[in-house]
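*Asks:* Contents are TSV, C-alpha atoms; file name input.tsv:
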```tsv
chain	number	residue	atom	x	y	z
A	1	MET	CA	27.70	-100.70	50.10
A	2	ASN	CA	25.88	-102.97	47.68
A	3	THR	CA	24.00	-102.01	44.53
A	4	ALA	CA	20.66	-101.94	46.31
A	5	ASP	CA	21.91	-99.21	48.64
A	6	THR	CA	22.47	-96.86	45.71
A	7	ALA	CA	19.18	-97.62	43.97
A	8	ASP	CA	17.58	-94.36	45.09
A	9	SER	CA	20.67	-92.18	44.63
A	10	PRO	CA	20.56	-89.60	41.86
A	11	VAL	CA	22.51	-90.81	38.84
A	12	VAL	CA	24.58	-89.19	36.08
A	13	THR	CA	23.28	-90.10	32.63
A	14	GLY	CA	25.06	-87.57	30.41
A	15	ILE	CA	28.46	-85.89	30.22
A	16	GLY	CA	29.64	-82.97	28.08
A	17	VAL	CA	33.28	-81.88	28.15
A	18	VAL	CA	34.95	-78.75	26.81
A	19	ALA	CA	38.49	-78.83	28.20
A	20	PRO	CA	42.15	-78.24	27.34
A	21	THR	CA	42.35	-81.99	26.77
A	22	GLY	CA	39.76	-81.69	24.00
A	23	ILE	CA	36.16	-81.01	23.09
A	24	GLY	CA	33.98	-84.05	23.66
A	25	THR	CA	33.91	-86.64	26.41
A	26	GLU	CA	35.77	-89.42	24.61
A	27	THR	CA	38.35	-87.04	23.16
A	28	HIS	CA	39.08	-85.78	26.66
A	29	TRP	CA	39.22	-89.30	28.08
A	30	GLN	CA	41.61	-90.65	25.47
A	31	ALA	CA	43.89	-87.63	25.86
A	32	THR	CA	43.84	-88.13	29.64
A	33	LEU	CA	44.77	-91.80	29.39
A	34	ALA	CA	47.53	-90.98	26.87
A	35	GLY	CA	48.92	-88.22	29.12
A	36	LYS	CA	48.43	-85.66	26.36
A	37	SER	CA	48.75	-82.27	27.98
A	38	GLY	CA	46.63	-79.26	27.08
A	39	ILE	CA	48.97	-76.85	28.86
A	40	GLY	CA	50.97	-74.44	26.72
A	41	ARG	CA	51.69	-70.78	26.03
A	42	ILE	CA	48.78	-68.41	26.56
A	43	THR	CA	47.50	-67.33	23.14
A	44	ARG	CA	44.24	-65.57	24.02
A	45	PHE	CA	46.28	-62.42	24.70
A	46	ASP	CA	49.91	-61.34	24.79
A	47	ALA	CA	51.15	-62.59	28.16
A	48	THR	CA	54.80	-61.74	27.55
A	49	GLY	CA	54.93	-59.15	30.30
A	50	TYR	CA	53.27	-61.31	32.96
A	51	PRO	CA	55.01	-63.67	35.41
A	52	VAL	CA	52.63	-66.48	34.36
A	53	ARG	CA	52.66	-67.30	30.66
A	54	LEU	CA	51.28	-70.85	30.64
A	55	ALA	CA	47.68	-72.04	30.80
A	56	GLY	CA	45.36	-74.82	29.77
A	57	GLN	CA	43.38	-73.55	26.78
A	58	VAL	CA	40.59	-75.37	24.94
A	59	PRO	CA	41.94	-76.27	21.48
A	60	GLY	CA	39.95	-75.42	18.38
A	61	PHE	CA	36.98	-73.88	20.16
A	62	VAL	CA	35.19	-71.41	17.88
A	63	ALA	CA	31.90	-70.30	19.40
A	64	GLY	CA	30.48	-69.19	16.05
A	65	GLU	CA	30.74	-72.74	14.74
A	66	ARG	CA	28.82	-74.24	17.67
A	67	LEU	CA	26.25	-71.67	18.82
A	68	PRO	CA	23.60	-69.42	17.26
A	69	SER	CA	25.19	-66.19	16.07
A	70	ARG	CA	22.83	-64.04	18.17
A	71	LEU	CA	24.20	-65.56	21.40
A	72	ILE	CA	27.86	-64.76	20.69
A	73	PRO	CA	27.79	-60.98	21.37
A	74	GLN	CA	25.46	-61.44	24.33
A	75	THR	CA	27.67	-63.79	26.33
A	76	ASP	CA	31.22	-64.38	27.53
A	77	HIS	CA	33.62	-67.10	26.38
A	78	TRP	CA	32.98	-68.98	29.63
A	79	THR	CA	29.26	-69.13	28.88
A	80	HIS	CA	29.93	-70.20	25.28
A	81	MET	CA	31.77	-73.25	26.59
A	82	GLY	CA	29.08	-73.95	29.17
A	83	LEU	CA	26.35	-73.88	26.51
A	84	VAL	CA	28.27	-76.27	24.26
A	85	ALA	CA	29.04	-78.65	27.14
A	86	ALA	CA	25.41	-78.61	28.31
A	87	GLU	CA	24.11	-79.41	24.84
A	88	ALA	CA	26.58	-82.28	24.53
A	89	ALA	CA	25.56	-83.65	27.94
A	90	LEU	CA	21.86	-83.53	27.04
A	91	ALA	CA	22.56	-85.33	23.75
A	92	ASP	CA	24.68	-87.93	25.55
A	93	ALA	CA	21.83	-88.58	27.99
A	94	GLY	CA	19.26	-88.73	25.21
A	95	VAL	CA	17.25	-86.00	26.92
A	96	VAL	CA	14.96	-83.93	24.69
A	97	PRO	CA	13.94	-80.99	26.89
A	98	SER	CA	10.87	-80.16	24.81
A	99	GLU	CA	9.42	-83.56	25.74
A	100	LEU	CA	9.65	-82.99	29.50
A	101	PRO	CA	7.70	-80.71	31.87
A	102	GLU	CA	9.55	-77.40	31.91
A	103	TYR	CA	9.21	-76.90	35.69
A	104	GLU	CA	10.73	-80.32	36.40
A	105	MET	CA	14.04	-79.42	34.72
A	106	ALA	CA	16.62	-77.43	36.70
A	107	VAL	CA	20.05	-75.89	36.07
A	108	VAL	CA	22.78	-75.45	38.70
A	109	THR	CA	26.31	-74.48	37.70
A	110	ALA	CA	29.53	-73.38	39.34
A	111	SER	CA	31.47	-70.26	38.43
A	112	SER	CA	34.53	-68.66	39.95
A	113	SER	CA	35.30	-65.65	37.76
A	114	GLY	CA	32.14	-64.97	35.77
A	115	GLY	CA	32.42	-63.21	32.41
A	116	THR	CA	35.84	-61.70	33.00
A	117	GLU	CA	36.90	-61.34	29.39
A	118	PHE	CA	33.57	-59.77	28.36
A	119	GLY	CA	33.72	-57.43	31.34
A	120	GLN	CA	37.26	-56.29	30.60
A	121	ARG	CA	36.37	-55.47	27.02
A	122	GLU	CA	33.37	-53.38	28.01
A	123	MET	CA	35.26	-51.58	30.79
A	124	GLU	CA	37.99	-50.68	28.32
A	125	ARG	CA	35.32	-49.15	26.07
A	126	LEU	CA	34.00	-47.17	29.01
A	127	TYR	CA	37.40	-45.76	29.95
A	128	ARG	CA	38.55	-45.05	26.41
A	129	LYS	CA	35.37	-43.96	24.63
A	130	GLY	CA	32.69	-43.26	27.20
A	131	PRO	CA	29.47	-44.82	28.54
A	132	SER	CA	27.65	-44.81	25.20
A	133	TRP	CA	30.16	-47.37	23.88
A	134	VAL	CA	29.37	-49.94	26.60
A	135	GLY	CA	27.06	-52.69	25.32
A	136	ALA	CA	23.78	-53.40	27.07
A	137	TYR	CA	24.75	-57.04	27.62
A	138	GLN	CA	27.52	-55.98	30.02
A	139	SER	CA	24.79	-55.88	32.66
A	140	ILE	CA	24.30	-59.66	32.46
A	141	ALA	CA	27.19	-61.29	30.59
A	142	TRP	CA	29.72	-60.83	33.42
A	143	PHE	CA	27.35	-62.16	36.10
A	144	TYR	CA	28.21	-65.49	37.73
A	145	ALA	CA	24.75	-66.88	37.00
A	146	ALA	CA	24.86	-66.00	33.29
A	147	THR	CA	25.67	-69.55	32.17
A	148	THR	CA	22.91	-71.00	34.32
A	149	GLY	CA	20.46	-68.51	32.87
A	150	GLN	CA	21.48	-69.00	29.27
A	151	VAL	CA	21.31	-72.81	29.53
A	152	ALA	CA	17.88	-72.58	31.17
A	153	ILE	CA	16.56	-70.16	28.54
A	154	ARG	CA	17.94	-72.08	25.60
A	155	HIS	CA	16.43	-75.40	26.68
A	156	GLY	CA	13.22	-74.16	28.30
A	157	MET	CA	14.17	-75.28	31.82
A	158	ARG	CA	12.08	-73.38	34.34
A	159	GLY	CA	12.65	-75.41	37.49
A	160	PRO	CA	14.93	-74.29	40.35
A	161	CYS	CA	18.11	-72.70	38.99
A	162	GLY	CA	21.22	-71.35	40.69
A	163	VAL	CA	24.97	-70.86	40.72
A	164	LEU	CA	27.63	-71.77	43.29
A	165	CYS	CA	30.63	-69.43	43.63
A	166	CYS	CA	33.07	-71.50	45.67
A	167	GLU	CA	36.14	-71.37	43.39
A	168	GLN	CA	37.56	-74.87	42.75
A	169	ALA	CA	35.09	-76.52	45.15
A	170	GLY	CA	32.10	-75.12	43.27
A	171	GLY	CA	31.80	-78.00	40.82
A	172	LEU	CA	31.20	-80.47	43.65
A	173	ASP	CA	28.89	-78.09	45.47
A	174	ALA	CA	26.81	-77.72	42.30
A	175	LEU	CA	26.44	-81.50	42.10
A	176	GLY	CA	25.53	-81.59	45.77
A	177	GLN	CA	22.79	-79.06	45.10
A	178	ALA	CA	21.67	-81.04	42.05
A	179	ARG	CA	21.24	-84.07	44.29
A	180	ARG	CA	19.08	-82.04	46.68
A	181	LEU	CA	16.89	-80.84	43.83
A	182	ILE	CA	16.40	-84.37	42.51
A	183	ARG	CA	15.39	-85.53	45.98
A	184	ARG	CA	12.90	-82.67	46.16
A	185	GLY	CA	11.19	-83.68	42.95
A	186	ALA	CA	13.15	-82.31	40.00
A	187	ARG	CA	13.33	-84.80	37.13
A	188	ILE	CA	16.45	-83.53	35.33
A	189	VAL	CA	19.24	-81.23	36.54
A	190	VAL	CA	21.89	-79.83	34.21
A	191	THR	CA	24.88	-79.22	36.45
A	192	GLY	CA	28.65	-78.84	36.51
A	193	GLY	CA	30.62	-75.78	35.52
A	194	THR	CA	33.03	-74.00	33.24
A	195	ASP	CA	35.36	-71.05	33.75
A	196	ALA	CA	37.46	-68.87	31.48
A	197	SER	CA	39.57	-66.12	32.93
A	198	LEU	CA	42.48	-66.02	30.50
A	199	CYS	CA	42.59	-62.29	29.87
A	200	PRO	CA	44.84	-59.61	31.42
A	201	TYR	CA	42.33	-58.61	34.10
A	202	GLY	CA	41.54	-62.21	34.92
A	203	LEU	CA	45.17	-63.29	35.14
A	204	VAL	CA	46.13	-60.39	37.40
A	205	ALA	CA	43.23	-61.29	39.70
A	206	GLN	CA	44.45	-64.88	39.86
A	207	LEU	CA	48.00	-63.78	40.62
A	208	SER	CA	46.78	-62.14	43.82
A	209	SER	CA	46.13	-65.59	45.33
A	210	GLY	CA	49.86	-66.37	45.37
A	211	GLY	CA	49.24	-69.93	44.19
A	212	LEU	CA	50.11	-69.72	40.49
A	213	SER	CA	53.29	-71.28	39.14
A	214	THR	CA	55.72	-68.98	37.36
A	215	VAL	CA	57.77	-71.85	35.91
A	216	ASP	CA	58.02	-71.45	32.13
A	217	ASP	CA	58.35	-75.15	31.24
A	218	PRO	CA	54.91	-76.74	30.53
A	219	GLU	CA	56.16	-80.10	31.79
A	220	ARG	CA	57.45	-78.71	35.10
A	221	ALA	CA	55.06	-75.91	35.93
A	222	TYR	CA	52.37	-77.94	37.72
A	223	LEU	CA	53.67	-80.82	39.87
A	224	PRO	CA	51.25	-81.58	42.71
A	225	PHE	CA	52.55	-83.60	45.67
A	226	ASP	CA	56.03	-83.44	44.13
A	227	GLU	CA	59.16	-82.25	45.91
A	228	ALA	CA	59.47	-79.61	43.15
A	229	ALA	CA	55.86	-78.37	43.53
A	230	CYS	CA	55.73	-74.60	42.99
A	231	GLY	CA	52.08	-73.74	42.37
A	232	TYR	CA	49.50	-74.50	39.72
A	233	VAL	CA	48.72	-73.54	36.13
A	234	PRO	CA	45.39	-71.83	35.38
A	235	GLY	CA	43.05	-73.10	32.70
A	236	GLU	CA	39.68	-72.71	31.01
A	237	GLY	CA	36.76	-75.02	30.28
A	238	GLY	CA	35.10	-77.70	32.36
A	239	ALA	CA	32.23	-80.17	32.13
A	240	MET	CA	28.45	-80.32	32.37
A	241	LEU	CA	26.53	-83.35	33.56
A	242	ILE	CA	22.95	-84.56	33.53
A	243	VAL	CA	21.70	-85.74	36.93
A	244	GLU	CA	18.43	-87.65	37.20
A	245	ASN	CA	16.36	-89.63	39.62
A	246	ALA	CA	17.43	-93.25	39.13
A	247	GLU	CA	13.90	-94.56	38.69
A	248	SER	CA	13.03	-91.74	36.30
A	249	ALA	CA	16.13	-92.55	34.24
A	250	ARG	CA	15.07	-96.20	34.04
A	251	ARG	CA	11.54	-95.29	32.96
A	252	ARG	CA	12.90	-92.89	30.37
A	253	GLY	CA	15.12	-95.63	28.99
A	254	ALA	CA	18.39	-93.80	29.59
A	255	GLY	CA	21.03	-95.51	27.50
A	256	THR	CA	23.94	-94.98	29.87
A	257	VAL	CA	24.12	-94.56	33.62
A	258	TYR	CA	27.68	-93.49	34.42
A	259	GLY	CA	27.28	-93.69	38.16
A	260	ALA	CA	25.38	-92.65	41.27
A	261	ILE	CA	26.01	-89.64	43.49
A	262	ALA	CA	26.15	-91.61	46.71
A	263	GLY	CA	27.61	-89.07	49.14
A	264	TYR	CA	28.47	-85.40	49.44
A	265	ALA	CA	29.80	-83.04	52.08
A	266	ALA	CA	31.16	-79.52	52.24
A	267	GLY	CA	33.30	-77.72	54.79
A	268	PHE	CA	35.17	-74.50	55.35
A	269	ASP	CA	38.68	-74.03	56.63
A	270	PRO	CA	39.36	-71.97	59.75
A	271	PRO	CA	41.02	-68.56	59.25
A	272	PRO	CA	44.83	-68.37	58.96
A	273	GLY	CA	46.51	-68.61	62.33
A	274	SER	CA	43.70	-70.63	63.89
A	275	ASP	CA	44.58	-73.61	66.06
A	276	ARG	CA	41.74	-75.57	64.46
A	277	PRO	CA	42.71	-78.10	61.75
A	278	PRO	CA	41.81	-77.75	58.05
A	279	ALA	CA	38.39	-79.02	57.05
A	280	MET	CA	39.40	-81.62	54.45
A	281	ARG	CA	39.62	-84.66	56.71
A	282	ARG	CA	36.25	-83.96	58.32
A	283	THR	CA	34.71	-83.30	54.90
A	284	ILE	CA	35.96	-86.64	53.57
A	285	GLU	CA	34.63	-88.48	56.61
A	286	ARG	CA	31.21	-86.80	56.35
A	287	ALA	CA	30.93	-87.57	52.64
A	288	LEU	CA	31.77	-91.23	53.26
A	289	ALA	CA	29.27	-91.39	56.12
A	290	ASP	CA	26.63	-89.78	53.90
A	291	ALA	CA	27.29	-92.52	51.33
A	292	GLY	CA	27.29	-95.29	53.95
A	293	THR	CA	30.75	-96.19	52.68
A	294	ALA	CA	33.79	-97.35	54.66
A	295	PRO	CA	37.23	-96.02	53.69
A	296	SER	CA	38.23	-99.55	52.67
A	297	GLU	CA	35.51	-99.52	50.00
A	298	VAL	CA	36.95	-96.52	48.13
A	299	ASP	CA	38.92	-97.62	45.07
A	300	VAL	CA	40.37	-94.28	43.94
A	301	VAL	CA	40.66	-90.70	45.12
A	302	PHE	CA	40.69	-87.83	42.62
A	303	ALA	CA	42.67	-85.26	44.54
A	304	ASP	CA	42.28	-81.51	44.55
A	305	ALA	CA	46.07	-81.25	44.02
A	306	CYS	CA	46.57	-77.51	44.39
A	307	GLY	CA	50.28	-77.79	43.58
A	308	THR	CA	51.56	-75.66	46.46
A	309	PRO	CA	53.78	-77.39	49.05
A	310	ASP	CA	51.61	-76.44	52.02
A	311	GLY	CA	48.32	-77.21	50.29
A	312	ASP	CA	49.51	-80.55	48.96
A	313	LEU	CA	50.83	-81.59	52.36
A	314	ALA	CA	47.56	-80.70	54.07
A	315	GLU	CA	45.55	-82.70	51.54
A	316	ALA	CA	47.93	-85.67	51.68
A	317	ARG	CA	47.68	-85.72	55.48
A	318	ALA	CA	43.89	-85.66	55.30
A	319	ILE	CA	43.90	-88.59	52.87
A	320	THR	CA	46.36	-90.65	54.92
A	321	THR	CA	44.48	-89.94	58.14
A	322	VAL	CA	41.30	-91.39	56.65
A	323	PHE	CA	42.74	-94.18	54.48
A	324	GLY	CA	46.13	-94.85	56.04
A	325	PRO	CA	49.57	-94.31	54.47
A	326	ARG	CA	49.40	-95.31	50.79
A	327	GLY	CA	46.02	-96.84	51.62
A	328	VAL	CA	44.19	-95.92	48.39
A	329	PRO	CA	45.25	-95.00	44.84
A	330	VAL	CA	45.27	-91.22	44.37
A	331	THR	CA	45.36	-89.37	41.06
A	332	ALA	CA	45.24	-85.81	39.76
A	333	PRO	CA	44.65	-85.78	35.98
A	334	LYS	CA	44.16	-82.00	36.15
A	335	THR	CA	47.92	-81.77	35.65
A	336	LEU	CA	47.02	-82.06	31.94
A	337	THR	CA	44.56	-79.17	31.99
A	338	GLY	CA	45.56	-76.84	34.78
A	339	ARG	CA	43.11	-75.83	37.48
A	340	LEU	CA	39.84	-74.77	35.89
A	341	TYR	CA	38.27	-73.21	39.01
A	342	GLY	CA	34.47	-73.48	38.61
A	343	GLY	CA	34.99	-76.06	35.89
A	344	GLY	CA	37.76	-78.06	37.54
A	345	ALA	CA	35.91	-80.27	39.99
A	346	ALA	CA	33.12	-80.87	37.49
A	347	LEU	CA	35.71	-82.13	35.01
A	348	ASP	CA	37.20	-84.34	37.74
A	349	VAL	CA	33.76	-85.84	38.33
A	350	ALA	CA	33.38	-86.54	34.60
A	351	THR	CA	36.83	-88.14	34.51
A	352	SER	CA	36.18	-90.23	37.60
A	353	LEU	CA	32.93	-91.55	36.13
A	354	LEU	CA	34.81	-92.59	33.00
A	355	ALA	CA	37.41	-94.28	35.19
A	356	LEU	CA	34.64	-96.24	36.95
A	357	ARG	CA	33.14	-97.14	33.59
A	358	ASP	CA	36.37	-98.50	32.10
A	359	GLY	CA	38.20	-99.71	35.20
A	360	ILE	CA	41.23	-97.46	34.59
A	361	ILE	CA	42.82	-94.90	36.89
A	362	PRO	CA	44.52	-92.17	34.84
A	363	ALA	CA	48.01	-91.17	35.87
A	364	THR	CA	49.19	-87.89	37.35
A	365	ALA	CA	51.43	-86.39	34.67
A	366	GLY	CA	54.66	-84.61	35.54
A	367	SER	CA	55.04	-85.48	39.20
A	368	SER	CA	57.70	-88.08	39.92
A	369	ARG	CA	59.19	-87.71	43.42
A	370	LEU	CA	56.75	-87.29	46.28
A	371	ALA	CA	57.44	-84.46	48.68
A	372	PRO	CA	58.31	-85.36	52.29
A	373	GLY	CA	55.15	-86.05	54.26
A	374	CYS	CA	53.03	-86.83	51.17
A	375	ASP	CA	52.71	-90.51	51.98
A	376	ILE	CA	50.05	-91.30	49.39
A	377	ASP	CA	49.80	-93.88	46.62
A	378	LEU	CA	49.94	-91.36	43.78
A	379	VAL	CA	49.38	-93.03	40.39
A	380	LEU	CA	52.39	-92.02	38.29
A	381	GLY	CA	53.75	-92.80	34.86
A	382	GLN	CA	51.03	-94.97	33.34
A	383	PRO	CA	47.31	-95.50	33.98
A	384	ARG	CA	46.52	-98.25	36.43
A	385	ASP	CA	43.93	-100.97	35.69
A	386	GLY	CA	41.65	-102.18	38.43
A	387	VAL	CA	38.16	-103.13	39.53
A	388	LEU	CA	36.68	-99.74	40.34
A	389	ARG	CA	33.32	-99.41	42.05
A	390	THR	CA	33.68	-96.34	44.25
A	391	ALA	CA	35.48	-93.05	43.65
A	392	LEU	CA	36.01	-90.07	45.94
A	393	VAL	CA	36.49	-86.64	44.37
A	394	LEU	CA	38.02	-83.84	46.46
A	395	ALA	CA	38.10	-80.10	45.88
A	396	HIS	CA	39.44	-77.11	47.77
A	397	GLY	CA	38.74	-73.55	46.74
A	398	HIS	CA	40.71	-70.39	47.49
A	399	GLY	CA	39.40	-68.85	50.68
A	400	GLY	CA	38.70	-72.13	52.47
A	401	PHE	CA	35.90	-73.83	50.49
A	402	THR	CA	36.18	-77.62	50.79
A	403	ALA	CA	34.03	-80.35	49.24
A	404	ALA	CA	33.99	-84.11	48.75
A	405	LEU	CA	31.79	-86.28	46.51
A	406	VAL	CA	31.38	-90.06	46.57
A	407	LEU	CA	30.49	-91.73	43.26
A	408	LYS	CA	29.36	-95.34	42.87
A	409	LYS	CA	29.46	-97.43	39.71
```
Mind converting the file's structure to structure tokens?

*Replies:*
Amino acid sequence: MNTADTADSPVVTGIGVVAPTGIGTETHWQATLAGKSGIGRITRFDATGYPVRLAGQVPGFVAGERLPSRLIPQTDHWTHMGLVAAEAALADAGVVPSELPEYEMAVVTASSSGGTEFGQREMERLYRKGPSWVGAYQSIAWFYAATTGQVAIRHGMRGPCGVLCCEQAGGLDALGQARRLIRRGARIVVTGGTDASLCPYGLVAQLSSGGLSTVDDPERAYLPFDEAACGYVPGEGGAMLIVENAESARRRGAGTVYGAIAGYAAGFDPPPGSDRPPAMRRTIERALADAGTAPSEVDVVFADACGTPDGDLAEARAITTVFGPRGVPVTAPKTLTGRLYGGGAALDVATSLLALRDGIIPATAGSSRLAPGCDIDLVLGQPRDGVLRTALVLAHGHGGFTAALVLKK
């Protein structure tokens, strides 16, 4: 696909990152290239008695230093991070919401857990002290759409708003919806996602999936596609992005265009025990077809990398079926952050756009020996330089959600 083919594709003009690899887009990017991990001991609560004691936590995040004090008691930690990331993305794009028509600005985010920490605190008050001790904001702060609503209210965005609850795939689905809204006439869409479920209730809920790693060594706990893969590490944070119509961005004088959303597709896996194949291969093929892009044109794949032997093998087989054995560089920088659920794929999109910008594929930290059957060109050890024009981002959410996004420089 040439540049002219992407001229009418919605473009990303702003990025805001709040992640275990740092607060701020460039801080995150430099930590990613340096292989600086944000995974460590859980400190948000005492996790001593739990089988999982490691997570990716955002360092140095103090909501009171970054948000109006009135918002803090009204909202959950996950929303605090979403608000900060959205504000950073708007500033990066040079968008001043007060200067734009309020009904032409939209907000679409992804969330997997909602306000878990806020909800646990209020439920504890209910059980221990009674209904009169439960705060009024419990009715909204836990809700999956709370971040969308708070971003929209804070910036006066009254266009179409929504939330996608598709676990890890939600970040790509939110961007897919943002693209639809732009094509239907929205001028600006704030999109992406954050999640934060590092509290006792949230961790127990995650344990029920059976996918979390119980390894206690931060360097060995999350090893996707590796012969020692044993699950994944949870994390908090994510990224928010500004999506615009390409022509509108040019007229506005947008300083940076990180890339175009050229293709998107979503799928859903068949139920366990079905004789139908997983949806990932078909989802990749549909996203490429939507972008008018041949497999040979893809320069890098940002993998979902769930870290479980069966999940990794299924994804590796989907990639090799489409691209051939070791047919395209594959990376999973989320090994530095853990899986961020609603925020994970959005952060992968941000990272892939930075890779396109700088012509560098970040390495997959930790993994070293590919598991049998994972015949992919996994970027290991050091970042890999290259001419990067097209990136494919993959995501798979617990329960069968599958998504793929094609980005063009």

*Asks:* Would you please work out which residue, of A:Ile376, A:Val298, A:Ala314, A:Ala88, is nearest to Pro278 in chain A when using all atoms listed in the file?

*Replies:*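 Closest candidate: A:Ala314.
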
*Asks:* Hey, can you pull every residue with an atom no more than 12 Å from (35.3, -54.8, 26.9), using all atoms listed in the file, and send it as a VMD selection string?

*Replies:* chain A and resid 73 75 to 76 115 to 131 133 to 138 141 to 142 199 to 201

*Asks:* Put those residues in a file: C-alpha atoms, as a CSV table (one decimal), keeping the file's coordinate frame.

*Replies:*
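Output (selection-v8.csv):
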```csv
chain,number,residue,atom,x,y,z
A,73,PRO,CA,27.8,-61.0,21.4
A,75,THR,CA,27.7,-63.8,26.3
A,76,ASP,CA,31.2,-64.4,27.5
A,115,GLY,CA,32.4,-63.2,32.4
A,116,THR,CA,35.8,-61.7,33.0
A,117,GLU,CA,36.9,-61.3,29.4
A,118,PHE,CA,33.6,-59.8,28.4
A,119,GLY,CA,33.7,-57.4,31.3
A,120,GLN,CA,37.3,-56.3,30.6
A,121,ARG,CA,36.4,-55.5,27.0
A,122,GLU,CA,33.4,-53.4,28.0
A,123,MET,CA,35.3,-51.6,30.8
A,124,GLU,CA,38.0,-50.7,28.3
A,125,ARG,CA,35.3,-49.2,26.1
A,126,LEU,CA,34.0,-47.2,29.0
A,127,TYR,CA,37.4,-45.8,30.0
A,128,ARG,CA,38.6,-45.0,26.4
A,129,LYS,CA,35.4,-44.0,24.6
A,130,GLY,CA,32.7,-43.3,27.2
A,131,PRO,CA,29.5,-44.8,28.5
A,133,TRP,CA,30.2,-47.4,23.9
A,134,VAL,CA,29.4,-49.9,26.6
A,135,GLY,CA,27.1,-52.7,25.3
A,136,ALA,CA,23.8,-53.4,27.1
A,137,TYR,CA,24.8,-57.0,27.6
A,138,GLN,CA,27.5,-56.0,30.0
A,141,ALA,CA,27.2,-61.3,30.6
A,142,TRP,CA,29.7,-60.8,33.4
A,199,CYS,CA,42.6,-62.3,29.9
A,200,PRO,CA,44.8,-59.6,31.4
A,201,TYR,CA,42.3,-58.6,34.1
```

*Asks:* Of the candidates A:Thr337, A:Thr79, A:Thr25, A:Thr331, which one gets nearest to Gly235 in chain A if we count only C-alpha atoms?

*Replies:*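 Nearest candidate to Gly235 in chain A out of A:Thr337, A:Thr79, A:Thr25, A:Thr331: A:Thr337.
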
*Asks:* If we count all atoms listed in the file and set the cut-off at 10 Å, which residues sit around Cys230 in chain A, ignoring sequence neighbours fewer than 4 positions away in its own chain? Please answer as a PyMOL selection string.

*Replies:* chain A and resi 211-215+220-226+306-309

*Asks:* Looking at all atoms listed in the file, which of A:Ser208, A:Ala350, A:Ala371, A:Thr32 is the one that sits closest to Pro333 in chain A?

*Replies:* A:Thr32

*Asks:* Using only C-alpha atoms, which residues sit within 7 Å of Val163 in chain A once same-chain residues fewer than 5 positions away are excluded, as a list of chain:residue names?

*Replies:* A:Val108, A:Thr109, A:Ala110, A:Ser111, A:Tyr144, A:Ala145, A:Thr148

*Asks:* Got a sec: who's within 8 Å of range 93-102 of chain A, counting only C-alpha atoms, leaving out chain neighbours fewer than 2 positions off, as a PDB file with C-alpha atoms, in the frame of the given file?

*Replies:*
```
ATOM      1  CA  THR A  13      23.280 -90.100  32.630  1.00  0.00           C
ATOM      2  CA  GLY A  14      25.060 -87.570  30.410  1.00  0.00           C
ATOM      3  CA  ILE A  15      28.460 -85.890  30.220  1.00  0.00           C
ATOM      4  CA  ALA A  89      25.560 -83.650  27.940  1.00  0.00           C
ATOM      5  CA  LEU A  90      21.860 -83.530  27.040  1.00  0.00           C
ATOM      6  CA  ALA A  91      22.560 -85.330  23.750  1.00  0.00           C
ATOM      7  CA  GLU A 104      10.730 -80.320  36.400  1.00  0.00           C
ATOM      8  CA  MET A 105      14.040 -79.420  34.720  1.00  0.00           C
ATOM      9  CA  HIS A 155      16.430 -75.400  26.680  1.00  0.00           C
ATOM     10  CA  GLY A 156      13.220 -74.160  28.300  1.00  0.00           C
ATOM     11  CA  MET A 157      14.170 -75.280  31.820  1.00  0.00           C
ATOM     12  CA  ARG A 158      12.080 -73.380  34.340  1.00  0.00           C
ATOM     13  CA  GLY A 159      12.650 -75.410  37.490  1.00  0.00           C
ATOM     14  CA  ILE A 242      22.950 -84.560  33.530  1.00  0.00           C
ATOM     15  CA  ALA A 254      18.390 -93.800  29.590  1.00  0.00           C
ATOM     16  CA  GLY A 255      21.030 -95.510  27.500  1.00  0.00           C
ATOM     17  CA  THR A 256      23.940 -94.980  29.870  1.00  0.00           C
TER      18      THR A 256
END
```

*Asks:* Expressed in Å to a single decimal, how great is the separation between CA of Arg286 in chain A and CA of Val393 in chain A?

*Replies:* 13.1 Å

*Asks:* Using all atoms listed in the file, which of A:Ala106, A:Val300, A:Leu203, A:Met240 sits nearest Val328 in chain A?

*Replies:*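 Once distances to Val328 in chain A are computed over all atoms listed in the file, the minimum belongs to A:Val300.
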
*Asks:* Any idea what's packed within 8 Å of range 62-64 of chain A, counting all atoms listed in the file, ignoring anything in its chain fewer than 2 positions away? Could you give it as a ChimeraX atom specification?

*Replies:* /A:60,66-69,72,77,80-81

*Asks:* Next, write the just-selected residues to a file, as an mmCIF file, in the coordinates of the input, keeping C-alpha atoms as the atom set.

*Replies:*
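Listing of again01.cif after writing:
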```
data_model
loop_
_atom_site.group_PDB
_atom_site.id
_atom_site.type_symbol
_atom_site.label_atom_id
_atom_site.label_comp_id
_atom_site.auth_asym_id
_atom_site.auth_seq_id
_atom_site.Cartn_x
_atom_site.Cartn_y
_atom_site.Cartn_z
ATOM 1 C CA GLY A 60 39.950 -75.420 18.380
ATOM 2 C CA ARG A 66 28.820 -74.240 17.670
ATOM 3 C CA LEU A 67 26.250 -71.670 18.820
ATOM 4 C CA PRO A 68 23.600 -69.420 17.260
ATOM 5 C CA SER A 69 25.190 -66.190 16.070
ATOM 6 C CA ILE A 72 27.860 -64.760 20.690
ATOM 7 C CA HIS A 77 33.620 -67.100 26.380
ATOM 8 C CA HIS A 80 29.930 -70.200 25.280
ATOM 9 C CA MET A 81 31.770 -73.250 26.590
#
```

*Asks:* I'd like to know which of A:Val204, A:Phe401, A:Leu33, A:Pro295 is closest to Gly359 in chain A, using only C-alpha atoms.

*Replies:*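 Of A:Val204, A:Phe401, A:Leu33, A:Pro295, the one nearest Gly359 in chain A is A:Leu33, counting only C-alpha atoms.
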